[in-house]
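J.: Input structure: target18.cif, which contains mmCIF, C-alpha atoms and all ligand atoms; chains and numbers go by the auth columns.
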```cif
data_entry
loop_
_atom_site.group_PDB
_atom_site.id
_atom_site.type_symbol
_atom_site.label_atom_id
_atom_site.label_comp_id
_atom_site.label_asym_id
_atom_site.label_seq_id
_atom_site.Cartn_x
_atom_site.Cartn_y
_atom_site.Cartn_z
_atom_site.B_iso_or_equiv
_atom_site.auth_seq_id
_atom_site.auth_asym_id
ATOM 1 C CA MET A 1 11.198 -39.554 28.654 0.00 1 A
ATOM 2 C CA PHE A 2 7.761 -39.080 30.250 0.00 2 A
ATOM 3 C CA ALA A 3 4.573 -40.957 29.429 0.00 3 A
ATOM 4 C CA THR A 4 1.377 -38.944 28.945 0.00 4 A
ATOM 5 C CA ASN A 5 -1.471 -39.258 31.478 0.00 5 A
ATOM 6 C CA GLU A 6 -3.724 -41.128 29.016 0.00 6 A
ATOM 7 C CA LYS A 7 -1.114 -43.824 28.587 0.00 7 A
ATOM 8 C CA LEU A 8 -0.424 -44.087 32.290 0.00 8 A
ATOM 9 C CA GLU A 9 -3.399 -46.219 33.279 0.00 9 A
ATOM 10 C CA ILE A 10 -2.624 -48.718 30.525 0.00 10 A
ATOM 11 C CA ILE A 11 1.060 -49.075 31.299 0.00 11 A
ATOM 12 C CA MET A 12 0.493 -49.247 35.068 0.00 12 A
ATOM 13 C CA GLU A 13 -0.602 -52.836 34.521 0.00 13 A
ATOM 14 C CA ARG A 14 1.654 -55.343 36.229 0.00 14 A
ATOM 15 C CA ILE A 15 4.276 -56.780 33.870 0.00 15 A
ATOM 16 C CA VAL A 16 4.711 -60.490 34.460 0.00 16 A
ATOM 17 C CA GLU A 17 8.368 -61.336 34.977 0.00 17 A
ATOM 18 C CA CYS A 18 8.606 -64.963 36.080 0.00 18 A
ATOM 19 C CA HIS A 19 12.013 -65.322 34.452 0.00 19 A
ATOM 20 C CA GLN A 20 12.096 -69.070 35.113 0.00 20 A
ATOM 21 C CA ASP A 21 14.248 -69.702 32.031 0.00 21 A
ATOM 22 C CA TYR A 22 16.592 -66.862 32.910 0.00 22 A
ATOM 23 C CA PHE A 23 17.618 -68.350 36.267 0.00 23 A
ATOM 24 C CA HIS A 24 17.877 -71.864 34.815 0.00 24 A
ATOM 25 C CA ASP A 25 20.842 -70.772 32.689 0.00 25 A
ATOM 26 C CA ILE A 26 24.203 -71.329 34.397 0.00 26 A
ATOM 27 C CA GLU A 27 25.741 -68.142 32.936 0.00 27 A
ATOM 28 C CA ASN A 28 22.856 -66.014 34.211 0.00 28 A
ATOM 29 C CA ALA A 29 22.992 -67.757 37.591 0.00 29 A
ATOM 30 C CA ASN A 30 26.742 -66.987 37.795 0.00 30 A
ATOM 31 C CA LYS A 31 26.107 -63.382 36.786 0.00 31 A
ATOM 32 C CA TYR A 32 23.438 -63.110 39.508 0.00 32 A
ATOM 33 C CA LEU A 33 25.898 -64.513 42.080 0.00 33 A
ATOM 34 C CA TYR A 34 28.545 -61.975 41.024 0.00 34 A
ATOM 35 C CA ASP A 35 26.082 -59.051 41.071 0.00 35 A
ATOM 36 C CA ALA A 36 24.575 -60.108 44.409 0.00 36 A
ATOM 37 C CA LYS A 37 28.021 -60.308 46.013 0.00 37 A
ATOM 38 C CA ASN A 38 28.904 -56.836 44.778 0.00 38 A
ATOM 39 C CA ALA A 39 25.497 -55.225 45.207 0.00 39 A
ATOM 40 C CA SER A 40 24.780 -52.593 47.783 0.00 40 A
ATOM 41 C CA LYS A 41 23.934 -54.262 51.082 0.00 41 A
ATOM 42 C CA ALA A 42 21.299 -51.527 51.527 0.00 42 A
ATOM 43 C CA ARG A 43 18.674 -53.602 49.742 0.00 43 A
ATOM 44 C CA PHE A 44 18.922 -56.284 52.439 0.00 44 A
ATOM 45 C CA ASN A 45 19.644 -54.148 55.525 0.00 45 A
ATOM 46 C CA ASN A 46 16.038 -53.628 56.570 0.00 46 A
ATOM 47 C CA PHE A 47 15.188 -57.314 56.159 0.00 47 A
ATOM 48 C CA LEU A 48 18.305 -58.546 57.971 0.00 48 A
ATOM 49 C CA SER A 49 18.045 -56.177 60.928 0.00 49 A
ATOM 50 C CA SER A 50 14.350 -56.878 61.243 0.00 50 A
ATOM 51 C CA ILE A 51 14.681 -60.674 61.417 0.00 51 A
ATOM 52 C CA LYS A 52 17.675 -60.324 63.722 0.00 52 A
ATOM 53 C CA LYS A 53 15.490 -58.352 66.140 0.00 53 A
ATOM 54 C CA LEU A 54 12.664 -60.907 65.887 0.00 54 A
ATOM 55 C CA ASP A 55 15.170 -63.584 66.957 0.00 55 A
ATOM 56 C CA ILE A 56 12.881 -66.485 66.053 0.00 56 A
ATOM 57 C CA LYS A 57 14.057 -69.838 67.386 0.00 57 A
ATOM 58 C CA GLY A 58 13.767 -73.152 65.544 0.00 58 A
ATOM 59 C CA LYS A 59 13.758 -74.048 61.873 0.00 59 A
ATOM 60 C CA TYR A 60 13.925 -71.593 58.987 0.00 60 A
ATOM 61 C CA LEU A 61 12.909 -72.077 55.351 0.00 61 A
ATOM 62 C CA GLU A 62 14.204 -69.706 52.686 0.00 62 A
ATOM 63 C CA ILE A 63 12.283 -69.643 49.413 0.00 63 A
ATOM 64 C CA GLY A 64 14.047 -68.661 46.181 0.00 64 A
ATOM 65 C CA SER A 65 17.453 -68.487 47.820 0.00 65 A
ATOM 66 C CA GLY A 66 19.241 -67.988 44.500 0.00 66 A
ATOM 67 C CA PRO A 67 22.999 -68.436 45.006 0.00 67 A
ATOM 68 C CA GLY A 68 22.564 -68.375 48.787 0.00 68 A
ATOM 69 C CA ILE A 69 24.115 -65.017 49.654 0.00 69 A
ATOM 70 C CA ILE A 70 21.369 -64.135 52.125 0.00 70 A
ATOM 71 C CA THR A 71 21.147 -67.720 53.404 0.00 71 A
ATOM 72 C CA GLN A 72 24.725 -67.508 54.644 0.00 72 A
ATOM 73 C CA VAL A 73 24.237 -64.106 56.260 0.00 73 A
ATOM 74 C CA VAL A 74 21.069 -65.274 58.049 0.00 74 A
ATOM 75 C CA ALA A 75 22.769 -68.495 59.202 0.00 75 A
ATOM 76 C CA THR A 76 25.717 -66.540 60.595 0.00 76 A
ATOM 77 C CA GLN A 77 23.400 -64.023 62.241 0.00 77 A
ATOM 78 C CA HIS A 78 21.356 -66.808 63.907 0.00 78 A
ATOM 79 C CA PRO A 79 23.914 -69.393 65.094 0.00 79 A
ATOM 80 C CA ASN A 80 21.334 -71.739 66.644 0.00 80 A
ATOM 81 C CA VAL A 81 18.952 -72.213 63.739 0.00 81 A
ATOM 82 C CA GLU A 82 18.813 -74.746 60.935 0.00 82 A
ATOM 83 C CA ILE A 83 18.033 -73.378 57.483 0.00 83 A
ATOM 84 C CA THR A 84 16.555 -75.222 54.538 0.00 84 A
ATOM 85 C CA ALA A 85 17.013 -73.055 51.467 0.00 85 A
ATOM 86 C CA ASN A 86 15.034 -73.750 48.348 0.00 86 A
ATOM 87 C CA ASP A 87 15.127 -72.601 44.743 0.00 87 A
ATOM 88 C CA ILE A 88 13.344 -73.695 41.594 0.00 88 A
ATOM 89 C CA SER A 89 16.569 -73.432 39.600 0.00 89 A
ATOM 90 C CA PRO A 90 18.986 -76.396 39.859 0.00 90 A
ATOM 91 C CA GLU A 91 21.771 -74.106 38.614 0.00 91 A
ATOM 92 C CA MET A 92 21.200 -71.650 41.461 0.00 92 A
ATOM 93 C CA ILE A 93 21.196 -74.543 43.952 0.00 93 A
ATOM 94 C CA LYS A 94 24.482 -75.850 42.490 0.00 94 A
ATOM 95 C CA LEU A 95 26.131 -72.427 42.887 0.00 95 A
ATOM 96 C CA ALA A 96 24.755 -72.017 46.401 0.00 96 A
ATOM 97 C CA GLN A 97 26.152 -75.412 47.436 0.00 97 A
ATOM 98 C CA LEU A 98 29.586 -74.564 45.990 0.00 98 A
ATOM 99 C CA ASP A 99 29.644 -71.191 47.741 0.00 99 A
ATOM 100 C CA LEU A 100 28.573 -72.471 51.185 0.00 100 A
ATOM 101 C CA THR A 101 31.342 -72.057 53.749 0.00 101 A
ATOM 102 C CA GLU A 102 32.406 -75.154 55.691 0.00 102 A
ATOM 103 C CA ASP A 103 31.344 -73.837 59.095 0.00 103 A
ATOM 104 C CA LEU A 104 27.719 -73.586 57.928 0.00 104 A
ATOM 105 C CA MET A 105 27.456 -76.986 56.249 0.00 105 A
ATOM 106 C CA THR A 106 25.900 -78.745 59.241 0.00 106 A
ATOM 107 C CA ARG A 107 23.104 -76.157 59.597 0.00 107 A
ATOM 108 C CA VAL A 108 22.288 -75.171 56.011 0.00 108 A
ATOM 109 C CA LYS A 109 20.919 -77.409 53.286 0.00 109 A
ATOM 110 C CA TYR A 110 19.864 -76.450 49.778 0.00 110 A
ATOM 111 C CA MET A 111 16.976 -78.156 47.982 0.00 111 A
ATOM 112 C CA ILE A 112 15.391 -77.754 44.558 0.00 112 A
ATOM 113 C CA GLY A 113 11.649 -77.030 44.654 0.00 113 A
ATOM 114 C CA ASP A 114 8.875 -74.797 43.352 0.00 114 A
ATOM 115 C CA ALA A 115 6.998 -72.620 45.845 0.00 115 A
ATOM 116 C CA CYS A 116 3.947 -72.884 43.570 0.00 116 A
ATOM 117 C CA ASP A 117 3.961 -76.699 43.641 0.00 117 A
ATOM 118 C CA ILE A 118 3.201 -78.033 47.132 0.00 118 A
ATOM 119 C CA ASN A 119 4.240 -81.568 46.148 0.00 119 A
ATOM 120 C CA SER A 120 7.778 -80.381 45.464 0.00 120 A
ATOM 121 C CA ILE A 121 8.214 -78.733 48.895 0.00 121 A
ATOM 122 C CA LYS A 122 5.851 -80.314 51.427 0.00 122 A
ATOM 123 C CA ASP A 123 8.357 -83.008 52.450 0.00 123 A
ATOM 124 C CA LEU A 124 10.729 -80.292 53.687 0.00 124 A
ATOM 125 C CA GLY A 125 8.607 -80.199 56.853 0.00 125 A
ATOM 126 C CA LYS A 126 7.225 -77.377 58.974 0.00 126 A
ATOM 127 C CA PHE A 127 9.015 -74.168 59.906 0.00 127 A
ATOM 128 C CA ASP A 128 9.042 -71.368 62.471 0.00 128 A
ATOM 129 C CA LEU A 129 10.222 -68.734 60.008 0.00 129 A
ATOM 130 C CA ILE A 130 9.711 -68.865 56.242 0.00 130 A
ATOM 131 C CA TYR A 131 11.366 -65.966 54.452 0.00 131 A
ATOM 132 C CA SER A 132 12.028 -64.843 50.930 0.00 132 A
ATOM 133 C CA THR A 133 13.858 -61.877 49.407 0.00 133 A
ATOM 134 C CA PHE A 134 13.225 -60.423 45.957 0.00 134 A
ATOM 135 C CA THR A 135 11.333 -63.447 44.668 0.00 135 A
ATOM 136 C CA LEU A 136 7.618 -62.744 45.140 0.00 136 A
ATOM 137 C CA HIS A 137 7.401 -60.912 41.793 0.00 137 A
ATOM 138 C CA HIS A 138 8.984 -63.950 40.082 0.00 138 A
ATOM 139 C CA TRP A 139 6.506 -66.563 41.363 0.00 139 A
ATOM 140 C CA ASP A 140 4.209 -67.554 38.536 0.00 140 A
ATOM 141 C CA ASN A 141 1.275 -67.968 40.960 0.00 141 A
ATOM 142 C CA ALA A 142 2.015 -65.820 44.011 0.00 142 A
ATOM 143 C CA GLU A 143 -1.320 -66.538 45.694 0.00 143 A
ATOM 144 C CA LEU A 144 -0.828 -70.292 45.459 0.00 144 A
ATOM 145 C CA ALA A 145 2.782 -69.994 46.663 0.00 145 A
ATOM 146 C CA ILE A 146 1.731 -68.016 49.759 0.00 146 A
ATOM 147 C CA LYS A 147 -1.038 -70.548 50.463 0.00 147 A
ATOM 148 C CA ASN A 148 1.526 -73.369 50.188 0.00 148 A
ATOM 149 C CA LEU A 149 4.002 -71.637 52.479 0.00 149 A
ATOM 150 C CA TYR A 150 1.288 -70.888 55.034 0.00 150 A
ATOM 151 C CA SER A 151 0.522 -74.618 55.204 0.00 151 A
ATOM 152 C CA MET A 152 4.190 -75.272 56.041 0.00 152 A
ATOM 153 C CA LEU A 153 4.263 -72.842 58.943 0.00 153 A
ATOM 154 C CA ASN A 154 4.303 -74.063 62.545 0.00 154 A
ATOM 155 C CA ASP A 155 1.754 -72.514 64.918 0.00 155 A
ATOM 156 C CA ASN A 156 3.006 -69.059 65.989 0.00 156 A
ATOM 157 C CA GLY A 157 5.317 -69.108 62.995 0.00 157 A
ATOM 158 C CA LEU A 158 6.034 -66.168 60.679 0.00 158 A
ATOM 159 C CA ILE A 159 6.279 -65.726 56.909 0.00 159 A
ATOM 160 C CA TYR A 160 8.488 -62.760 56.005 0.00 160 A
ATOM 161 C CA ILE A 161 8.514 -61.730 52.348 0.00 161 A
ATOM 162 C CA HIS A 162 10.742 -58.829 51.347 0.00 162 A
ATOM 163 C CA ASP A 163 10.290 -57.550 47.810 0.00 163 A
ATOM 164 C CA LEU A 164 9.897 -54.645 45.441 0.00 164 A
ATOM 165 C CA LYS A 165 6.682 -52.605 45.272 0.00 165 A
ATOM 166 C CA ARG A 166 5.055 -51.347 42.064 0.00 166 A
ATOM 167 C CA VAL A 167 4.824 -47.584 42.461 0.00 167 A
ATOM 168 C CA ARG A 168 2.994 -45.004 40.346 0.00 168 A
ATOM 169 C CA TRP A 169 5.825 -42.522 39.712 0.00 169 A
ATOM 170 C CA LEU A 170 7.776 -45.227 37.926 0.00 170 A
ATOM 171 C CA TYR A 171 5.251 -45.244 35.114 0.00 171 A
ATOM 172 C CA TYR A 172 6.190 -41.711 34.122 0.00 172 A
ATOM 173 C CA ILE A 173 9.650 -43.000 33.280 0.00 173 A
ATOM 174 C CA LYS A 174 10.089 -44.983 30.107 0.00 174 A
ATOM 175 C CA SER A 175 13.306 -46.762 31.110 0.00 175 A
ATOM 176 C CA GLN A 176 13.232 -50.453 30.226 0.00 176 A
ATOM 177 C CA SER A 177 16.233 -51.383 32.393 0.00 177 A
ATOM 178 C CA GLY A 178 16.028 -54.761 34.133 0.00 178 A
ATOM 179 C CA PHE A 179 15.612 -53.152 37.535 0.00 179 A
ATOM 180 C CA PHE A 180 12.774 -50.846 36.468 0.00 180 A
ATOM 181 C CA ASN A 181 11.023 -53.771 34.806 0.00 181 A
ATOM 182 C CA SER A 182 11.341 -55.793 37.999 0.00 182 A
ATOM 183 C CA ILE A 183 9.572 -52.991 39.885 0.00 183 A
ATOM 184 C CA ARG A 184 6.861 -53.017 37.201 0.00 184 A
ATOM 185 C CA ALA A 185 6.493 -56.761 37.844 0.00 185 A
ATOM 186 C CA ALA A 186 6.096 -56.317 41.585 0.00 186 A
ATOM 187 C CA TYR A 187 2.773 -56.240 43.472 0.00 187 A
ATOM 188 C CA ARG A 188 1.054 -53.216 44.977 0.00 188 A
ATOM 189 C CA PRO A 189 0.032 -53.486 48.666 0.00 189 A
ATOM 190 C CA ASP A 190 -3.673 -53.554 47.733 0.00 190 A
ATOM 191 C CA GLU A 191 -3.049 -56.517 45.398 0.00 191 A
ATOM 192 C CA ILE A 192 -1.223 -58.388 48.172 0.00 192 A
ATOM 193 C CA LYS A 193 -3.981 -57.595 50.648 0.00 193 A
ATOM 194 C CA ALA A 194 -6.589 -58.950 48.207 0.00 194 A
ATOM 195 C CA MET A 195 -4.560 -62.149 47.718 0.00 195 A
ATOM 196 C CA LEU A 196 -4.258 -62.711 51.484 0.00 196 A
ATOM 197 C CA ASN A 197 -7.975 -62.057 51.951 0.00 197 A
ATOM 198 C CA ARG A 198 -8.823 -64.619 49.260 0.00 198 A
ATOM 199 C CA ILE A 199 -6.599 -67.208 50.966 0.00 199 A
ATOM 200 C CA GLY A 200 -8.316 -66.414 54.272 0.00 200 A
ATOM 201 C CA ILE A 201 -5.196 -65.181 56.052 0.00 201 A
ATOM 202 C CA LYS A 202 -6.243 -62.765 58.784 0.00 202 A
ATOM 203 C CA GLU A 203 -3.070 -61.847 60.631 0.00 203 A
ATOM 204 C CA PHE A 204 -0.728 -59.911 58.371 0.00 204 A
ATOM 205 C CA GLU A 205 1.074 -56.605 57.977 0.00 205 A
ATOM 206 C CA ILE A 206 2.370 -54.951 54.809 0.00 206 A
ATOM 207 C CA ARG A 207 5.233 -52.676 55.832 0.00 207 A
ATOM 208 C CA PRO A 208 6.573 -49.870 53.686 0.00 208 A
ATOM 209 C CA VAL A 209 10.370 -50.057 53.541 0.00 209 A
ATOM 210 C CA PHE A 210 12.913 -47.397 52.573 0.00 210 A
ATOM 211 C CA PRO A 211 13.474 -46.732 49.702 0.00 211 A
ATOM 212 C CA PHE A 212 9.824 -46.388 48.770 0.00 212 A
ATOM 213 C CA PHE A 213 9.790 -49.013 46.003 0.00 213 A
ATOM 214 C CA MET A 214 10.302 -51.783 48.568 0.00 214 A
ATOM 215 C CA GLN A 215 8.000 -53.480 51.076 0.00 215 A
ATOM 216 C CA SER A 216 7.868 -56.347 53.544 0.00 216 A
ATOM 217 C CA ILE A 217 4.909 -58.647 54.069 0.00 217 A
ATOM 218 C CA LEU A 218 4.655 -60.313 57.474 0.00 218 A
ATOM 219 C CA ILE A 219 2.147 -63.138 57.910 0.00 219 A
ATOM 220 C CA ARG A 220 1.556 -64.799 61.264 0.00 220 A
ATOM 221 C CA LYS A 221 -0.111 -68.106 62.055 0.00 221 A
HETATM 222 C C1 LIG B . 15.992 -62.308 41.950 0.00 301 K
HETATM 223 S S1 LIG B . 16.453 -63.893 42.513 0.00 301 K
HETATM 224 C C2 LIG B . 16.587 -63.587 44.289 0.00 301 K
HETATM 225 C C3 LIG B . 17.608 -64.490 44.946 0.00 301 K
HETATM 226 C C4 LIG B . 17.821 -64.212 46.436 0.00 301 K
HETATM 227 N N1 LIG B . 16.613 -64.429 47.197 0.00 301 K
HETATM 228 C C5 LIG B . 18.335 -62.803 46.671 0.00 301 K
HETATM 229 O O1 LIG B . 17.632 -61.988 47.288 0.00 301 K
HETATM 230 O O2 LIG B . 19.466 -62.511 46.231 0.00 301 K
HETATM 231 C C6 LIG B . 14.940 -64.803 42.403 0.00 301 K
HETATM 232 C C7 LIG B . 15.120 -66.284 42.686 0.00 301 K
HETATM 233 O O3 LIG B . 13.825 -66.871 42.871 0.00 301 K
HETATM 234 C C8 LIG B . 13.834 -68.160 42.272 0.00 301 K
HETATM 235 N N2 LIG B . 12.445 -68.552 42.017 0.00 301 K
HETATM 236 C C9 LIG B . 11.596 -68.023 41.098 0.00 301 K
HETATM 237 N N3 LIG B . 10.413 -68.633 41.161 0.00 301 K
HETATM 238 C C10 LIG B . 10.483 -69.559 42.132 0.00 301 K
HETATM 239 C C11 LIG B . 9.568 -70.508 42.656 0.00 301 K
HETATM 240 N N4 LIG B . 8.342 -70.625 42.176 0.00 301 K
HETATM 241 N N5 LIG B . 9.980 -71.313 43.676 0.00 301 K
HETATM 242 C C12 LIG B . 11.229 -71.203 44.167 0.00 301 K
HETATM 243 N N6 LIG B . 12.158 -70.325 43.706 0.00 301 K
HETATM 244 C C13 LIG B . 11.776 -69.510 42.709 0.00 301 K
HETATM 245 C C14 LIG B . 14.687 -67.962 41.014 0.00 301 K
HETATM 246 O O4 LIG B . 15.159 -69.179 40.487 0.00 301 K
HETATM 247 C C15 LIG B . 15.790 -67.048 41.549 0.00 301 K
HETATM 248 O O5 LIG B . 16.887 -67.769 42.029 0.00 301 K
#
```
Please rewrite the model in this file as structure tokens.
Ligand SMILES: C[S@@+](CC[C@H](N)C(=O)[O-])C[C@H]1O[C@@H](n2cnc3c(N)ncnc32)[C@H](O)[C@@H]1O

T.:
Amino acid sequence: MFATNEKLEIIMERIVECHQDYFHDIENANKYLYDAKNASKARFNNFLSSIKKLDIKGKYLEIGSGPGIITQVVATQHPNVEITANDISPEMIKLAQLDLTEDLMTRVKYMIGDACDINSIKDLGKFDLIYSTFTLHHWDNAELAIKNLYSMLNDNGLIYIHDLKRVRWLYYIKSQSGFFNSIRAAYRPDEIKAMLNRIGIKEFEIRPVFPFFMQSILIRK
């Protein structure tokens, strides 16, 4: 059940979990939609209440929207904003389009694109809020993706990334469940700070979020 101390430093390495192929499969995309609809809302509560309070006006971009569960909640919560929601997986985008309720169709559009490839997203325009939930640990080049998103932010705009956080205690547990592996694939705050420093981003905050294996990264322009 528990790893020894000698092994700990080795296994605390980040496990890469880009999962691109996984989300490109229609069955997996459907399973994700089903799970997301039935999942505890607790994992989104902090993010949703926080952006509701911020009440940012203008245009929103969601990165890695998956089947669009959060897109629809954010659109309903902010009745005056337009949301462009993006995902690298055409299957996820198909599901999101099918699931979109009629009342939101004029304000929400879904587009295929890769956050790590500026050419695939730059034509979407500039945004006042760019947000992403549970995707940072899937991006195959997180630093490049953040740099790309920063370039698509309007002045005074905000990037809000809500994701898992790799925590030490987890490495004492050998469980290989999907969820535990996702936490092992997530970034530590010091790794995120180093990335932002390398990009040259000065104004940011890395917020701890309950429960303690989650975090939010807020970047201002
Ligand atoms: C775990 S799901 C999260 C979906 C949704 N944000 C949520 O919180 O339910 C991760 C999503 O990120 C997408 N994704 C992964 N890498 C991406 C990239 N480089 N650009 C855009 N989307 C990406 C995947 O296709 C997948 O739909």

J.: Adding 4 Å on each side of the box along x, y and z that holds all listed atoms of ligand LIG 301 (chain K), could you give its centre and edge lengths in Å to one decimal, as JSON?

T.:
```
{"center_x": 13.9, "center_y": -66.7, "center_z": 43.9, "size_x": 19.1, "size_y": 17.3, "size_z": 14.8}
```

J.: I want to know what sits within 12 Å of Glu191 in chain A, based on only C-alpha atoms, with residues of the same chain fewer than 4 positions away left out; could you give that as an NGL selection string?

T.: :A and (13-14 or 137 or 142-143 or 165-166 or 186-187 or 195-198 or 206 or 217)

J.: I need the output of the PyMOL selection byres (((not hetatm)) within 6 of (chain K and resi 301)) for this file as a ChimeraX atom specification; which residues are they?

T.: /A:23,36,63-66,87-89,92,113-116,132-135,138-139

J.: Pull out every residue that the PyMOL selection byres (((chain A and resi 46) around 12) and not hetatm) matches in the shown coordinates and put them as a VMD selection string.

T.: chain A and resid 41 to 45 47 to 53 133 160 to 163 207 to 211 214 to 216

J.: Would you please work out which residue, of A:Tyr150, A:Tyr110, A:Phe204, A:Tyr34, is nearest to Phe127 in chain A when using only C-alpha atoms?

T.: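 Selected residue with least distance to Phe127 in chain A: A:Tyr150.
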
J.: Rounded to one decimal, what separation in Å do you get between CA of Asn181 in chain A and CA of Val16 in chain A?

T.: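 These two atoms are separated by 9.2 Å.
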
J.: When the PyMOL selection byres (((chain A and resi 74-77) around 9) and not hetatm) is applied to the file above, which residues end up in the set, as an NGL selection string?

T.: :A and (48 or 51-52 or 69-73 or 78-83 or 104 or 107-108)

J.: Can you pull out every residue within 7 Å of range 151-153 of chain A, counting all atoms listed in the file, but drop anything in the same chain fewer than 3 positions away, and send it as a list in words?

T.: Gly125, Lys126, Phe127, Asp128, Lys147, Asn148 and Gly157 of chain A

J.: For a quick check of understanding, using all atoms listed in the file, which of A:Ile118, A:Asn156, A:Ile146, A:Arg184 has the smallest distance to Ile201 in chain A?

T.: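 Among the listed residues, the smallest separation from Ile201 in chain A belongs to A:Ile146.
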
J.: Between CA of Asp117 in chain A and CA of Leu144 in chain A, what distance in Å does the model show, to one decimal?

T.: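 The value is 8.2 Å.
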
J.: Give me the residues near Leu158 in chain A as a ChimeraX atom specification, where near means some atom within 7 Å (using all atoms listed in the file) and where sequence neighbours in that chain fewer than 4 positions away do not count.

T.: /A:128-130,218-221

J.: Which residue is closest to Ala85 in chain A? Choose from A:Glu102, A:Asp55, A:Ile121, A:Ala29 and count all atoms listed in the file.

T.: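 For Ala85 in chain A, the nearest of the given residues is A:Ile121.
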
J.: Could you check which of A:Tyr32, A:Phe180, A:Tyr60, A:Tyr171 is closest to Asn154 in chain A, using all atoms listed in the file?

T.: A:Tyr60

J.: If you measure from CA of Met105 in chain A to CA of Gly68 in chain A, what distance in Å do you get, rounded to one decimal?

T.: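 Computing it gives 12.4 Å between the two atoms.
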
J.: Once N, CA and C atoms are restored for range 47-64 of chain A, what would the output be as a tab-separated table (two decimals), keeping the file's coordinate frame?

T.:
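Once written, result26.tsv looks like this:
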```tsv
chain	number	residue	atom	x	y	z
A	47	PHE	N	15.61	-55.93	55.94
A	47	PHE	CA	15.19	-57.31	56.16
A	47	PHE	C	16.07	-57.98	57.23
A	48	LEU	N	17.39	-57.85	57.06
A	48	LEU	CA	18.30	-58.55	57.97
A	48	LEU	C	18.19	-58.02	59.41
A	49	SER	N	18.11	-56.70	59.56
A	49	SER	CA	18.05	-56.18	60.93
A	49	SER	C	16.70	-56.53	61.55
A	50	SER	N	15.67	-56.56	60.72
A	50	SER	CA	14.35	-56.88	61.24
A	50	SER	C	14.27	-58.33	61.72
A	51	ILE	N	14.79	-59.28	60.95
A	51	ILE	CA	14.68	-60.67	61.42
A	51	ILE	C	15.67	-60.96	62.55
A	52	LYS	N	16.74	-60.17	62.59
A	52	LYS	CA	17.68	-60.32	63.72
A	52	LYS	C	16.94	-59.94	65.01
A	53	LYS	N	16.22	-58.82	64.95
A	53	LYS	CA	15.49	-58.35	66.14
A	53	LYS	C	14.41	-59.36	66.56
A	54	LEU	N	13.74	-59.96	65.57
A	54	LEU	CA	12.66	-60.91	65.89
A	54	LEU	C	13.21	-62.13	66.62
A	55	ASP	N	14.45	-62.51	66.28
A	55	ASP	CA	15.17	-63.58	66.96
A	55	ASP	C	14.32	-64.86	67.12
A	56	ILE	N	13.75	-65.30	66.02
A	56	ILE	CA	12.88	-66.48	66.05
A	56	ILE	C	13.73	-67.75	66.21
A	57	LYS	N	13.32	-68.59	67.14
A	57	LYS	CA	14.06	-69.84	67.39
A	57	LYS	C	13.50	-70.94	66.48
A	58	GLY	N	14.28	-71.97	66.23
A	58	GLY	CA	13.77	-73.15	65.54
A	58	GLY	C	14.28	-73.32	64.13
A	59	LYS	N	13.36	-73.69	63.24
A	59	LYS	CA	13.76	-74.05	61.87
A	59	LYS	C	13.32	-72.97	60.88
A	60	TYR	N	14.22	-72.62	59.99
A	60	TYR	CA	13.92	-71.59	58.99
A	60	TYR	C	13.86	-72.22	57.60
A	61	LEU	N	12.97	-71.69	56.77
A	61	LEU	CA	12.91	-72.08	55.35
A	61	LEU	C	13.07	-70.81	54.51
A	62	GLU	N	14.05	-70.83	53.61
A	62	GLU	CA	14.20	-69.71	52.69
A	62	GLU	C	13.70	-70.14	51.32
A	63	ILE	N	12.86	-69.32	50.72
A	63	ILE	CA	12.28	-69.64	49.41
A	63	ILE	C	12.93	-68.77	48.34
A	64	GLY	N	13.40	-69.41	47.27
A	64	GLY	CA	14.05	-68.66	46.18
A	64	GLY	C	15.37	-68.09	46.64
```
